[in-house]
Amino acid sequence: WQQWPMLNSDYHTGVGQQQTVTLADGSKVILNSSSAVSVAFSAHERTVILRAGEALFEPVNDSRPFVVRSGDERLQASNGVFSVRREGDALTLVVGSGQVQLSGAHQPVLVQADQRLEHQSGQPLFAQQNVDAASLTAWQRGKLIFNGRPLGEVIGELERYQHGRILISDRELAALPVSGVFELNDPQGSLRTLEQRYPLKVTYLPWLAVLH
């Protein structure tokens, strides 16, 4: 059942894969690792359904609105660049340029360039955060960029791009602040970099790496 979003989609990627899709109107969609989208264009609306994972959208100007649907959420933009990520019932929107209107079972909210909005289904909306959108969407350029983020969060991101698990031995280590630029095509190299820069060791087992 976990594979159903992939099987029921027009475009999808596996673990560690990315794909750029040019839609019929010239808009672009960049799929991140383990992601799936379906396309439903009509005479009145250009709709893309994010079924799983994360995608970056670059809509072109058109008389029809460009809409991304994910769960019960509707995101509408006319142009610009924005990314949408779905993890279970949680949705994260990052706007690189232009503006995006998010609507659903809540009051519509307008998210501007260099802002992020996180929303959990059935919960109140969080306030927009001012962010560096270029850093948060650096995955499209094959990189992950962190500035003082907890090691647990960094490992959670790295794990999305490789098969197998990466575990951290204790909560204190998971809270260690980490900064740096990591290459997505070399996850073991990223672990070696962490080992060189921070007070930790990595033990490798089949399909498992343990940081301690």
# chains A, B, ... in the order shown; residues from 1 in each chain; ligands from 1
>>> residues_around(residues="Arg69 (chain A)", least_positions_apart="2", cutoff="8 Å", atoms="only C-alpha atoms", output="number ranges by chain")
A: 47-50, 67, 71-75
>>> write_last_selection(atoms="C-alpha atoms", output="tab-separated table (two decimals), in the first residue's frame")
chain	number	residue	atom	x	y	z
A	47	THR	CA	-3.81	21.26	-11.59
A	48	VAL	CA	-0.93	19.15	-10.29
A	49	ILE	CA	-1.61	16.70	-7.46
A	50	LEU	CA	1.30	16.03	-5.09
A	67	VAL	CA	-2.96	24.91	-8.67
A	71	GLY	CA	-4.49	16.23	0.66
A	72	ASP	CA	-7.16	18.81	1.50
A	73	GLU	CA	-4.88	21.75	0.73
A	74	ARG	CA	-5.03	23.91	-2.39
A	75	LEU	CA	-2.06	26.07	-3.38
>>> closest_atom_pairs(of="region 14-56 of chain A", to="region 88-95 of chain A", cutoff="12 Å", atoms="only C-alpha atoms", output="JSON lines")
{"residue": "A:Leu50", "atom": "CA", "partner": "A:Leu91", "partner_atom": "CA", "distance": 10.5}
{"residue": "A:Arg51", "atom": "CA", "partner": "A:Gly88", "partner_atom": "CA", "distance": 10.4}
{"residue": "A:Ala52", "atom": "CA", "partner": "A:Gly88", "partner_atom": "CA", "distance": 8.6}
{"residue": "A:Gly53", "atom": "CA", "partner": "A:Gly88", "partner_atom": "CA", "distance": 9.3}
{"residue": "A:Glu54", "atom": "CA", "partner": "A:Thr92", "partner_atom": "CA", "distance": 9.0}
{"residue": "A:Ala55", "atom": "CA", "partner": "A:Leu93", "partner_atom": "CA", "distance": 10.1}
{"residue": "A:Leu56", "atom": "CA", "partner": "A:Val94", "partner_atom": "CA", "distance": 9.1}
>>> select_by_dssp(residues="region 37-204 of chain A", states="alpha helix (DSSP H)", output="ChimeraX atom specification")
/A:133-136,151-159,171-174,187-197
>>> residues_around(residues="Gly26 (chain A)", least_positions_apart="4", cutoff="9 Å", atoms="only C-alpha atoms", output="list in words")
Thr22, Pro59 and Val60 of chain A
>>> write_last_selection(atoms="C-alpha atoms", output="mmCIF file, in the first residue's frame")
data_model
loop_
_atom_site.group_PDB
_atom_site.id
_atom_site.type_symbol
_atom_site.label_atom_id
_atom_site.label_comp_id
_atom_site.auth_asym_id
_atom_site.auth_seq_id
_atom_site.Cartn_x
_atom_site.Cartn_y
_atom_site.Cartn_z
ATOM 1 C CA THR A 22 8.048 20.059 -18.421
ATOM 2 C CA PRO A 59 4.568 27.837 -13.370
ATOM 3 C CA VAL A 60 4.453 30.010 -16.466
#
>>> closest_residue(among="A:Leu158, A:Ala127, A:Leu191, A:Leu184", to="Gln140 (chain A)", atoms="only C-alpha atoms")
A:Leu184
>>> select_by_dssp(residues="region 3-212 of chain A", states="strand (DSSP E or B)", output="number ranges by chain")
A: 11-12, 19-22, 28-31, 36-41, 46-58, 66-70, 73-77, 81-87, 90-97, 99-104, 106-112, 115-120, 129-130, 143-150, 165-168, 177-183, 202-205, 208-211
>>> atom_distance(atom1="CA of Asp10 (chain A)", atom2="CA of Ala40 (chain A)")
9.7 Å
>>> atom_distance(atom1="CA of Glu159 (chain A)", atom2="CA of Ala134 (chain A)")
20.9 Å
>>> atom_distance(atom1="CA of Ala113 (chain A)", atom2="CA of Ala133 (chain A)")
7.8 Å
>>> residues_around(residues="Pro199 (chain A)", least_positions_apart="6", cutoff="12 Å", atoms="only C-alpha atoms", output="NGL selection string")
:A and (151 or 172-174 or 176-178 or 192-193 or 211-212)
>>> write_last_selection(atoms="N, CA and C atoms", output="tab-separated table (two decimals), in the first residue's frame")
chain	number	residue	atom	x	y	z
A	151	LEU	N	21.57	18.02	14.74
A	151	LEU	CA	22.08	16.87	14.00
A	151	LEU	C	20.94	15.90	13.64
A	172	GLU	N	21.33	13.83	23.32
A	172	GLU	CA	22.29	14.93	23.41
A	172	GLU	C	23.03	15.12	22.10
A	173	LEU	N	23.44	14.01	21.49
A	173	LEU	CA	24.13	14.09	20.20
A	173	LEU	C	23.17	14.58	19.12
A	174	ALA	N	21.91	14.13	19.18
A	174	ALA	CA	20.92	14.55	18.18
A	174	ALA	C	20.67	16.05	18.21
A	176	LEU	N	23.01	18.31	18.73
A	176	LEU	CA	24.23	19.03	18.35
A	176	LEU	C	23.97	19.92	17.14
A	177	PRO	N	24.25	21.25	17.21
A	177	PRO	CA	24.02	22.12	16.06
A	177	PRO	C	25.03	21.88	14.95
A	178	VAL	N	24.52	21.80	13.73
A	178	VAL	CA	25.35	21.46	12.58
A	178	VAL	C	25.16	22.52	11.49
A	192	ARG	N	31.10	11.10	6.55
A	192	ARG	CA	32.53	11.28	6.83
A	192	ARG	C	32.83	12.73	7.18
A	193	THR	N	32.18	13.67	6.48
A	193	THR	CA	32.37	15.09	6.78
A	193	THR	C	31.92	15.41	8.19
A	211	LEU	N	25.49	6.79	14.50
A	211	LEU	CA	26.33	7.90	14.96
A	211	LEU	C	26.36	7.88	16.48
A	212	HIS	N	27.57	7.94	17.05
A	212	HIS	CA	27.70	7.88	18.50
A	212	HIS	C	28.90	8.70	18.96
>>> residues_around(residues="Val154 (chain A)", least_positions_apart="4", cutoff="12 Å", atoms="only C-alpha atoms", output="PDB file with N, CA, C and O atoms, in the first residue's frame")
ATOM      1  N   LEU A 144      22.333  19.853   0.144  1.00  0.00           N
ATOM      2  CA  LEU A 144      21.574  20.197   1.339  1.00  0.00           C
ATOM      3  C   LEU A 144      22.397  21.209   2.122  1.00  0.00           C
ATOM      4  O   LEU A 144      23.583  20.998   2.357  1.00  0.00           O
ATOM      5  N   ILE A 145      21.764  22.315   2.524  1.00  0.00           N
ATOM      6  CA  ILE A 145      22.457  23.391   3.224  1.00  0.00           C
ATOM      7  C   ILE A 145      21.822  23.567   4.599  1.00  0.00           C
ATOM      8  O   ILE A 145      20.606  23.726   4.716  1.00  0.00           O
ATOM      9  N   PHE A 146      22.661  23.532   5.640  1.00  0.00           N
ATOM     10  CA  PHE A 146      22.175  23.677   7.013  1.00  0.00           C
ATOM     11  C   PHE A 146      22.973  24.775   7.709  1.00  0.00           C
ATOM     12  O   PHE A 146      24.175  24.915   7.497  1.00  0.00           O
ATOM     13  N   ASN A 147      22.292  25.517   8.557  1.00  0.00           N
ATOM     14  CA  ASN A 147      22.940  26.578   9.335  1.00  0.00           C
ATOM     15  C   ASN A 147      22.480  26.463  10.780  1.00  0.00           C
ATOM     16  O   ASN A 147      21.416  26.956  11.158  1.00  0.00           O
ATOM     17  N   GLY A 148      23.287  25.760  11.591  1.00  0.00           N
ATOM     18  CA  GLY A 148      22.969  25.617  12.998  1.00  0.00           C
ATOM     19  C   GLY A 148      21.764  24.746  13.279  1.00  0.00           C
ATOM     20  O   GLY A 148      21.083  24.935  14.294  1.00  0.00           O
ATOM     21  N   ARG A 149      21.506  23.757  12.418  1.00  0.00           N
ATOM     22  CA  ARG A 149      20.366  22.875  12.623  1.00  0.00           C
ATOM     23  C   ARG A 149      20.759  21.677  13.472  1.00  0.00           C
ATOM     24  O   ARG A 149      21.904  21.223  13.420  1.00  0.00           O
ATOM     25  N   PRO A 150      19.834  21.125  14.283  1.00  0.00           N
ATOM     26  CA  PRO A 150      20.172  19.957  15.109  1.00  0.00           C
ATOM     27  C   PRO A 150      20.610  18.776  14.244  1.00  0.00           C
ATOM     28  O   PRO A 150      20.070  18.559  13.149  1.00  0.00           O
ATOM     29  N   LEU A 158      19.292  13.702   5.316  1.00  0.00           N
ATOM     30  CA  LEU A 158      20.221  12.853   4.559  1.00  0.00           C
ATOM     31  C   LEU A 158      19.624  11.473   4.314  1.00  0.00           C
ATOM     32  O   LEU A 158      19.828  10.874   3.249  1.00  0.00           O
ATOM     33  N   GLU A 159      18.877  10.973   5.283  1.00  0.00           N
ATOM     34  CA  GLU A 159      18.318   9.630   5.184  1.00  0.00           C
ATOM     35  C   GLU A 159      17.303   9.510   4.049  1.00  0.00           C
ATOM     36  O   GLU A 159      17.087   8.429   3.510  1.00  0.00           O
ATOM     37  N   ARG A 160      16.681  10.621   3.685  1.00  0.00           N
ATOM     38  CA  ARG A 160      15.685  10.595   2.604  1.00  0.00           C
ATOM     39  C   ARG A 160      16.295  10.238   1.259  1.00  0.00           C
ATOM     40  O   ARG A 160      15.571   9.834   0.343  1.00  0.00           O
ATOM     41  N   TYR A 161      17.603  10.390   1.131  1.00  0.00           N
ATOM     42  CA  TYR A 161      18.248  10.244  -0.175  1.00  0.00           C
ATOM     43  C   TYR A 161      19.051   8.956  -0.305  1.00  0.00           C
ATOM     44  O   TYR A 161      19.818   8.811  -1.258  1.00  0.00           O
ATOM     45  N   ILE A 166      19.913   5.608   9.168  1.00  0.00           N
ATOM     46  CA  ILE A 166      20.981   6.279   9.905  1.00  0.00           C
ATOM     47  C   ILE A 166      20.418   6.594  11.283  1.00  0.00           C
ATOM     48  O   ILE A 166      19.426   7.315  11.405  1.00  0.00           O
ATOM     49  N   LEU A 167      21.030   6.060  12.315  1.00  0.00           N
ATOM     50  CA  LEU A 167      20.549   6.253  13.679  1.00  0.00           C
ATOM     51  C   LEU A 167      21.554   7.055  14.499  1.00  0.00           C
ATOM     52  O   LEU A 167      22.754   7.014  14.236  1.00  0.00           O
ATOM     53  N   ILE A 168      21.024   7.781  15.488  1.00  0.00           N
ATOM     54  CA  ILE A 168      21.854   8.555  16.418  1.00  0.00           C
ATOM     55  C   ILE A 168      21.704   7.933  17.794  1.00  0.00           C
ATOM     56  O   ILE A 168      20.590   7.638  18.232  1.00  0.00           O
ATOM     57  N   LEU A 173      23.443  14.012  21.486  1.00  0.00           N
ATOM     58  CA  LEU A 173      24.127  14.090  20.199  1.00  0.00           C
ATOM     59  C   LEU A 173      23.170  14.575  19.117  1.00  0.00           C
ATOM     60  O   LEU A 173      23.542  15.362  18.244  1.00  0.00           O
ATOM     61  N   ALA A 174      21.905  14.134  19.177  1.00  0.00           N
ATOM     62  CA  ALA A 174      20.918  14.545  18.178  1.00  0.00           C
ATOM     63  C   ALA A 174      20.672  16.048  18.209  1.00  0.00           C
ATOM     64  O   ALA A 174      20.276  16.639  17.200  1.00  0.00           O
ATOM     65  N   ALA A 175      20.916  16.686  19.364  1.00  0.00           N
ATOM     66  CA  ALA A 175      20.695  18.129  19.500  1.00  0.00           C
ATOM     67  C   ALA A 175      21.898  18.958  19.078  1.00  0.00           C
ATOM     68  O   ALA A 175      21.822  20.189  19.047  1.00  0.00           O
ATOM     69  N   LEU A 176      23.008  18.315  18.733  1.00  0.00           N
ATOM     70  CA  LEU A 176      24.227  19.030  18.350  1.00  0.00           C
ATOM     71  C   LEU A 176      23.967  19.924  17.135  1.00  0.00           C
ATOM     72  O   LEU A 176      23.502  19.455  16.099  1.00  0.00           O
ATOM     73  N   PRO A 177      24.250  21.246  17.214  1.00  0.00           N
ATOM     74  CA  PRO A 177      24.017  22.123  16.064  1.00  0.00           C
ATOM     75  C   PRO A 177      25.031  21.879  14.951  1.00  0.00           C
ATOM     76  O   PRO A 177      26.229  21.764  15.202  1.00  0.00           O
ATOM     77  N   VAL A 178      24.523  21.800  13.734  1.00  0.00           N
ATOM     78  CA  VAL A 178      25.353  21.462  12.576  1.00  0.00           C
ATOM     79  C   VAL A 178      25.162  22.516  11.487  1.00  0.00           C
ATOM     80  O   VAL A 178      24.041  22.944  11.207  1.00  0.00           O
ATOM     81  N   SER A 179      26.275  22.910  10.872  1.00  0.00           N
ATOM     82  CA  SER A 179      26.237  23.811   9.719  1.00  0.00           C
ATOM     83  C   SER A 179      27.102  23.221   8.615  1.00  0.00           C
ATOM     84  O   SER A 179      28.113  22.565   8.882  1.00  0.00           O
ATOM     85  N   GLY A 180      26.700  23.465   7.364  1.00  0.00           N
ATOM     86  CA  GLY A 180      27.522  22.985   6.264  1.00  0.00           C
ATOM     87  C   GLY A 180      26.704  22.723   5.016  1.00  0.00           C
ATOM     88  O   GLY A 180      25.472  22.822   5.007  1.00  0.00           O
ATOM     89  N   VAL A 181      27.418  22.405   3.941  1.00  0.00           N
ATOM     90  CA  VAL A 181      26.821  22.064   2.650  1.00  0.00           C
ATOM     91  C   VAL A 181      27.165  20.614   2.355  1.00  0.00           C
ATOM     92  O   VAL A 181      28.333  20.231   2.385  1.00  0.00           O
ATOM     93  N   PHE A 182      26.155  19.801   2.071  1.00  0.00           N
ATOM     94  CA  PHE A 182      26.352  18.374   1.865  1.00  0.00           C
ATOM     95  C   PHE A 182      25.860  17.974   0.474  1.00  0.00           C
ATOM     96  O   PHE A 182      24.826  18.464   0.002  1.00  0.00           O
ATOM     97  N   PRO A 187      26.081  10.260   0.105  1.00  0.00           N
ATOM     98  CA  PRO A 187      25.643  10.258   1.509  1.00  0.00           C
ATOM     99  C   PRO A 187      26.710   9.771   2.474  1.00  0.00           C
ATOM    100  O   PRO A 187      26.837  10.299   3.576  1.00  0.00           O
ATOM    101  N   SER A 190      28.989  12.533   3.162  1.00  0.00           N
ATOM    102  CA  SER A 190      28.409  13.485   4.123  1.00  0.00           C
ATOM    103  C   SER A 190      28.622  13.017   5.550  1.00  0.00           C
ATOM    104  O   SER A 190      28.933  13.816   6.441  1.00  0.00           O
ATOM    105  N   LEU A 191      28.494  11.706   5.772  1.00  0.00           N
ATOM    106  CA  LEU A 191      28.740  11.170   7.117  1.00  0.00           C
ATOM    107  C   LEU A 191      30.207  11.307   7.506  1.00  0.00           C
ATOM    108  O   LEU A 191      30.529  11.615   8.658  1.00  0.00           O
ATOM    109  N   LEU A 194      30.772  14.863   8.597  1.00  0.00           N
ATOM    110  CA  LEU A 194      30.291  15.077   9.963  1.00  0.00           C
ATOM    111  C   LEU A 194      31.281  14.509  10.973  1.00  0.00           C
ATOM    112  O   LEU A 194      31.554  15.129  12.011  1.00  0.00           O
TER     113      LEU A 194
END
>>> residues_around(residues="Val21 (chain A)", least_positions_apart="5", cutoff="10 Å", atoms="only C-alpha atoms", output="ChimeraX atom specification")
/A:11,26-31,57
>>> residues_around(residues="Gln115 (chain A)", least_positions_apart="3", cutoff="7 Å", atoms="only C-alpha atoms", output="list in words")
Val94, Val95, Val111, Gln112, Gln128, Gln129, Asn130 and Val131 of chain A
>>> closest_residue(among="A:Gly164, A:Gly122, A:Gly96, A:Gly142", to="Gln17 (chain A)", atoms="only C-alpha atoms")
A:Gly142
>>> closest_residue(among="A:Ser34, A:Ser42, A:Thr137, A:Pro65", to="Glu87 (chain A)", atoms="only C-alpha atoms")
A:Ser34
>>> closest_residue(among="A:Val84, A:Ala77, A:Val202, A:His119", to="Ser97 (chain A)", atoms="only C-alpha atoms")
A:Ala77
>>> decode(residues="region 48-60 of chain A", atoms="N, CA and C atoms", output="compact mmCIF listing (two decimals), in the first residue's frame")
# COMPACT_ATOMS: atom_id res chain seq x y z
N VAL A 48 -1.90 20.22 -10.55
CA VAL A 48 -0.93 19.15 -10.29
C VAL A 48 -1.21 18.63 -8.88
N ILE A 49 -1.32 17.32 -8.75
CA ILE A 49 -1.61 16.70 -7.46
C ILE A 49 -0.31 16.10 -6.91
N LEU A 50 0.12 16.60 -5.75
CA LEU A 50 1.30 16.03 -5.09
C LEU A 50 0.83 14.86 -4.24
N ARG A 51 1.16 13.65 -4.68
CA ARG A 51 0.68 12.45 -3.99
C ARG A 51 1.63 11.99 -2.90
N ALA A 52 2.92 12.31 -3.05
CA ALA A 52 3.89 11.89 -2.04
C ALA A 52 5.16 12.72 -2.21
N GLY A 53 5.89 12.93 -1.12
CA GLY A 53 7.21 13.54 -1.20
C GLY A 53 7.20 15.04 -1.36
N GLU A 54 8.06 15.52 -2.26
CA GLU A 54 8.34 16.95 -2.39
C GLU A 54 8.58 17.29 -3.85
N ALA A 55 8.11 18.47 -4.25
CA ALA A 55 8.34 18.92 -5.62
C ALA A 55 8.47 20.43 -5.64
N LEU A 56 9.28 20.92 -6.59
CA LEU A 56 9.46 22.35 -6.82
C LEU A 56 8.69 22.70 -8.09
N PHE A 57 7.92 23.78 -8.04
CA PHE A 57 7.07 24.18 -9.15
C PHE A 57 7.50 25.53 -9.70
N GLU A 58 7.57 25.60 -11.04
CA GLU A 58 7.89 26.85 -11.74
C GLU A 58 6.82 27.09 -12.79
N PRO A 59 5.64 27.61 -12.39
CA PRO A 59 4.57 27.84 -13.37
C PRO A 59 4.86 29.00 -14.29
N VAL A 60 4.36 28.91 -15.52
CA VAL A 60 4.45 30.01 -16.47
C VAL A 60 3.13 30.76 -16.46
